[in-house]
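Enquirer: I'd like to ask you about the structure that follows.
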Amino acid sequence: MAQQNQKLTIAFALVGTMGDIMPFLALGDRLVERGHRAIVLANDYFSRAVARHPGLEFRSIGTEAAFHDFISGPAWGCDDEGWSHFLRIGIMPTLEPLFEAVSDLAAEGVPTVVVAANYAYGARAAASLHGLPTLNTYIQPAMFAAHGDHTPGEYSFPRAVKAAEDYIYSVLSRGAGARHGKISATLGPNEQFLGLWPSWFKAPEPHWSQNTALSGFPLIETDVGQDADQAIEAFLSDGTPPVGLFYGSFRHDASFFERALQTCRALNQRALVICRYPERLPSHLTEQALVVPRAPFGQVFPRLRALIHHGGIGTVAQAITAGIPQLCLPEGFEQPDNAGNMADLGVGSVLPKDAPTEEMTAALETLLSSQSVADACRLYASRMADDNPWDLAVDVIEDAART
């Protein structure tokens with residue numbers, strides 16, 4: 001571990017959505033508690049979330065308007081065209097701002113560790129160029145596949161990521177690199193990897209970097225400091241535990257909610273619909289269910305009967321913690337891998353994103369009645385309770401300064 005009396009500057013280079021970023025803010029809190037300086041490099045949209053963590057500094061790498069263009073645009077189509085938009089709208093605009101921000105920190109001449117989240121290529125390139133230790137940190141296992149073999153198929157997310165990296169670094173070389181020095185797409189000697197999940201969820205594979213550590217799931221509410229509102233509390237208290245329905249933070253498929261609600265009705269289950277934009281749902285979907293724009297998962301999930309969702313890693317982890325069965329209908333990106341790892345534990349099932357209601361109904365009925373699923377849910381909920389990912393992750397960040 002790094003010497004406790006050595007103050008480090010930790011630069012969190014963050015590109016993504018709120019679910020991607022919140023775990024890093026909590027890690028920053030713990031680093032500040034250990035006497036370090038933590039700086040968040042992110043889009044202006046996240047400045048308010050960072051402000052709720054008084055010890056953290058914030059530096060902008062983009063405007064809030066640009067972020068809304070990203071999350072409301074075609075980048076969330078989980079196919080080759082969607083990935084091209086994700087690359088163009090979500091990643092490319094961050095390259096030079098991250099590169100310049102990390103270069104500025106390097107110029108300060110103080111011990112600095114760059115914690116680069118998914119897609120923070122500009123930060124990685126600058127850290128490599130200036131010889132700063134870098135901890136490439138991922139919240140889901142699928143991203144590691146971009147650095148090794150992938151499963152052939154009609155569309156492969158890891159293949160798409162890997163193919164994009166050469167282009168990304170060529171753009172950096174023509175831009176920021178032309179002003180600062182040669183930029184390489186190869187891993188630097190000071191680069192390490194940290195996976196924010198436990199080994200029992202996804203064990204390291206041979207093609208992963210040897211400089212890889214796993215910490216466990218660092219759970220944190222995306223709605224920090226908010227209790228379940230009165231409507232949710234009244235609904236949960238007034239009847240049998242409902243089935244939760246959730247399909248991600250930004251993209252909402254009305255067909256998913258319609259089929260999921262029909263599934264609940266067929267099995268005489270109450271339903272709690274968590275939809276960021278409930279006004280976009282057809283009015284008939286709100287009958288016989290409570291529809292809310294958000295909910296604190298850590299408080300609400302333990303009171304659910306089961307969860308039907310899209311396979312986001314944070315949602316998977318919260319449901320495992322709550323000890324409830326999961327039915328996943330992943331759309332794309334890393335979601336199929338998250339859902340597959342979950343199903344391998346025996347705590348849920350996976351169906352195609354367009355599975356018909358009848359198939360969903362049969363799958364949920366099996367999950368609710370299965371003793372083996374109930375046993376697996378209890379087992380892994382207990383493992384989650386025993387894990388302490390925060391201290392381990394902070395230890396890994398401090399150790400990175402020794403490279």
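Ligands are numbered from 1 in the order shown, residues from 1 within each chain, and chains are lettered A, B, ... in the order they appear in the structure tokens.
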As a PyMOL selection string, please: the residues near Ile274 of chain A (cut-off 8 Å, only C-alpha atoms, same-chain neighbours under 2 positions excluded).

Expert: chain A and resi 244-247+272+276+291-295

Enquirer: Pick out the residues sitting within 9 Å of Phe46 of chain A, and hand them over as a count of residues only; count only C-alpha atoms, and ignore anything fewer than 3 positions along from it in its own chain.

Expert: 9

Enquirer: Please return, as a PyMOL selection string, all residues of segment 280-397 of chain A that DSSP assigns to strand (DSSP E) on the basis of the backbone.

Expert: chain A and resi 290-292+306-309+326-328+348-350

Enquirer: Residues of the last selection are to be written out with C-alpha atoms, as a compact mmCIF listing (two decimals), in the first residue's frame.

Expert:
# COMPACT_ATOMS: atom_id res chain seq x y z
CA LEU A 290 -47.43 2.05 -9.77
CA VAL A 291 -45.25 4.00 -12.22
CA VAL A 292 -42.44 6.15 -10.82
CA ALA A 306 -38.57 -10.35 -8.48
CA LEU A 307 -37.12 -7.96 -11.04
CA ILE A 308 -37.54 -7.84 -14.83
CA HIS A 309 -34.88 -5.63 -16.40
CA GLN A 326 -34.02 -11.67 -12.03
CA LEU A 327 -35.45 -11.98 -15.53
CA CYS A 328 -33.18 -10.16 -17.98
CA GLY A 348 -32.20 -15.64 -12.74
CA SER A 349 -32.87 -16.25 -16.42
CA VAL A 350 -32.15 -14.51 -19.72

Enquirer: So, with only C-alpha atoms as the atoms that count, which of A:Leu379, A:Thr263, A:Ser255, A:Asp337 lies closest to Met360 of chain A?

Expert: A:Thr263

Enquirer: Which is closer to Lys7 of chain A than all the others in A:Val113, A:Ala322, A:Val40, A:Leu95, using only C-alpha atoms?

Expert: A:Val113

Enquirer: Pick the closest to Thr366 of chain A from A:Leu261, A:Asp20, A:Tyr277, A:Leu267: which is it, counting only C-alpha atoms?

Expert: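 Closest candidate: A:Leu267.
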
Enquirer: Calculate how many Å separate atom CA of Gly195 of chain A from atom CA of Gly323 of chain A, rounding to one decimal.

Expert: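 Answer for the atom CA of Gly195 of chain A to atom CA of Gly323 of chain A separation: 22.3 Å.
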
Enquirer: Output as a PyMOL selection string all residues of segment 169-403 of chain A that backbone DSSP marks as alpha helix (DSSP H).

Expert: chain A and resi 169-174+176-180+230-237+254-266+297-300+313-322+335-344+357-369+371-386+389-400

Enquirer: Take the selection from the previous step and output its residues with C-alpha atoms, as a short mmCIF file (atom, residue, chain, number, x, y, z; two decimals), in the first residue's frame.

Expert:
data_model
loop_
_atom_site.label_atom_id
_atom_site.label_comp_id
_atom_site.auth_asym_id
_atom_site.auth_seq_id
_atom_site.Cartn_x
_atom_site.Cartn_y
_atom_site.Cartn_z
CA TYR A 169 -5.67 7.02 -31.04
CA SER A 170 -5.05 8.16 -34.60
CA VAL A 171 -7.35 11.13 -33.97
CA LEU A 172 -5.50 11.95 -30.76
CA SER A 173 -2.15 11.70 -32.53
CA ARG A 174 -3.23 14.24 -35.14
CA ALA A 176 -3.41 16.72 -28.98
CA GLY A 177 -0.50 14.43 -29.80
CA ALA A 178 0.80 16.83 -32.40
CA ARG A 179 1.13 19.45 -29.67
CA HIS A 180 2.45 17.24 -26.87
CA GLN A 230 -44.55 8.30 -0.05
CA ALA A 231 -46.22 6.80 -3.12
CA ILE A 232 -43.64 3.99 -3.34
CA GLU A 233 -43.76 3.35 0.39
CA ALA A 234 -47.56 3.20 0.40
CA PHE A 235 -47.59 0.84 -2.59
CA LEU A 236 -45.01 -1.50 -1.09
CA SER A 237 -46.83 -1.58 2.24
CA ALA A 254 -42.74 0.78 -24.38
CA SER A 255 -43.02 -2.74 -25.77
CA PHE A 256 -40.84 -4.05 -22.93
CA PHE A 257 -43.07 -2.49 -20.29
CA GLU A 258 -46.23 -3.66 -22.02
CA ARG A 259 -45.05 -7.27 -22.23
CA ALA A 260 -43.68 -7.21 -18.69
CA LEU A 261 -46.94 -5.84 -17.30
CA GLN A 262 -48.94 -8.46 -19.20
CA THR A 263 -46.63 -11.07 -17.67
CA CYS A 264 -47.32 -9.76 -14.17
CA ARG A 265 -51.05 -9.72 -14.77
CA ALA A 266 -51.01 -13.26 -16.12
CA PHE A 297 -32.77 0.54 -5.50
CA GLY A 298 -31.02 -0.36 -2.27
CA GLN A 299 -34.17 0.42 -0.28
CA VAL A 300 -36.78 -0.83 -2.74
CA ILE A 313 -24.48 -4.11 -14.29
CA GLY A 314 -25.62 -1.85 -11.46
CA THR A 315 -29.13 -3.26 -11.64
CA VAL A 316 -27.82 -6.84 -11.66
CA ALA A 317 -25.65 -6.14 -8.62
CA GLN A 318 -28.44 -4.45 -6.66
CA ALA A 319 -30.82 -7.35 -7.35
CA ILE A 320 -28.20 -9.89 -6.24
CA THR A 321 -27.71 -7.88 -3.05
CA ALA A 322 -31.46 -7.85 -2.46
CA GLN A 335 -25.82 -6.19 -21.18
CA PRO A 336 -25.88 -9.76 -22.64
CA ASP A 337 -22.61 -10.53 -20.86
CA ASN A 338 -23.89 -9.11 -17.56
CA ALA A 339 -27.09 -11.11 -17.86
CA GLY A 340 -25.25 -14.31 -18.80
CA ASN A 341 -22.95 -14.05 -15.78
CA MET A 342 -25.99 -13.49 -13.58
CA ALA A 343 -27.78 -16.52 -15.00
CA ASP A 344 -24.69 -18.69 -14.48
CA THR A 357 -45.31 -12.31 -23.38
CA GLU A 358 -45.99 -16.03 -23.18
CA GLU A 359 -42.29 -16.83 -22.96
CA MET A 360 -41.73 -14.13 -20.36
CA THR A 361 -44.65 -15.42 -18.32
CA ALA A 362 -43.34 -18.99 -18.33
CA ALA A 363 -39.85 -17.85 -17.37
CA LEU A 364 -41.01 -15.63 -14.50
CA GLU A 365 -43.34 -18.33 -13.19
CA THR A 366 -40.42 -20.78 -13.10
CA LEU A 367 -38.20 -18.28 -11.28
CA LEU A 368 -40.83 -17.53 -8.65
CA SER A 369 -41.50 -21.20 -7.92
CA GLN A 371 -36.32 -23.63 -4.80
CA SER A 372 -32.88 -23.75 -6.43
CA VAL A 373 -33.24 -20.14 -7.57
CA ALA A 374 -34.34 -19.09 -4.07
CA ASP A 375 -31.34 -20.90 -2.57
CA ALA A 376 -28.93 -19.28 -5.02
CA CYS A 377 -30.41 -15.84 -4.33
CA ARG A 378 -29.81 -16.30 -0.59
CA LEU A 379 -26.29 -17.60 -1.14
CA TYR A 380 -25.09 -14.70 -3.28
CA ALA A 381 -26.91 -12.09 -1.21
CA SER A 382 -24.91 -13.35 1.76
CA ARG A 383 -21.69 -13.11 -0.24
CA MET A 384 -22.53 -9.54 -1.15
CA ALA A 385 -23.07 -8.76 2.53
CA ASP A 386 -19.63 -10.19 3.36
CA PRO A 389 -15.10 -3.65 -2.09
CA TRP A 390 -14.46 -0.06 -1.05
CA ASP A 391 -11.30 -0.57 0.99
CA LEU A 392 -9.89 -3.05 -1.53
CA ALA A 393 -10.49 -0.68 -4.45
CA VAL A 394 -8.88 2.23 -2.59
CA ASP A 395 -5.91 0.02 -1.70
CA VAL A 396 -5.44 -0.82 -5.38
CA ILE A 397 -5.56 2.89 -6.32
CA GLU A 398 -2.96 3.73 -3.68
CA ASP A 399 -0.76 0.83 -4.76
CA ALA A 400 -0.85 2.09 -8.35
#

Enquirer: Name the closest residue to Ala142 of chain A among the candidates A:Val102, A:Leu196, A:Ala120, A:Ala125; distances are taken between atoms, counting only C-alpha atoms.

Expert: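 Smallest distance to Ala142 of chain A is found for A:Leu196.
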
Enquirer: One number please: atom CA of Gly109 of chain A to atom CA of Thr63 of chain A, in Å, one decimal.

Expert: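 If I compute the distance from atom CA of Gly109 of chain A to atom CA of Thr63 of chain A, I get 28.3 Å.
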
Enquirer: Hey, can you check how far atom CA of Asp44 of chain A sits from atom CA of Ala65 of chain A?

Expert: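 That distance, rounded to one decimal, is 8.8 Å.
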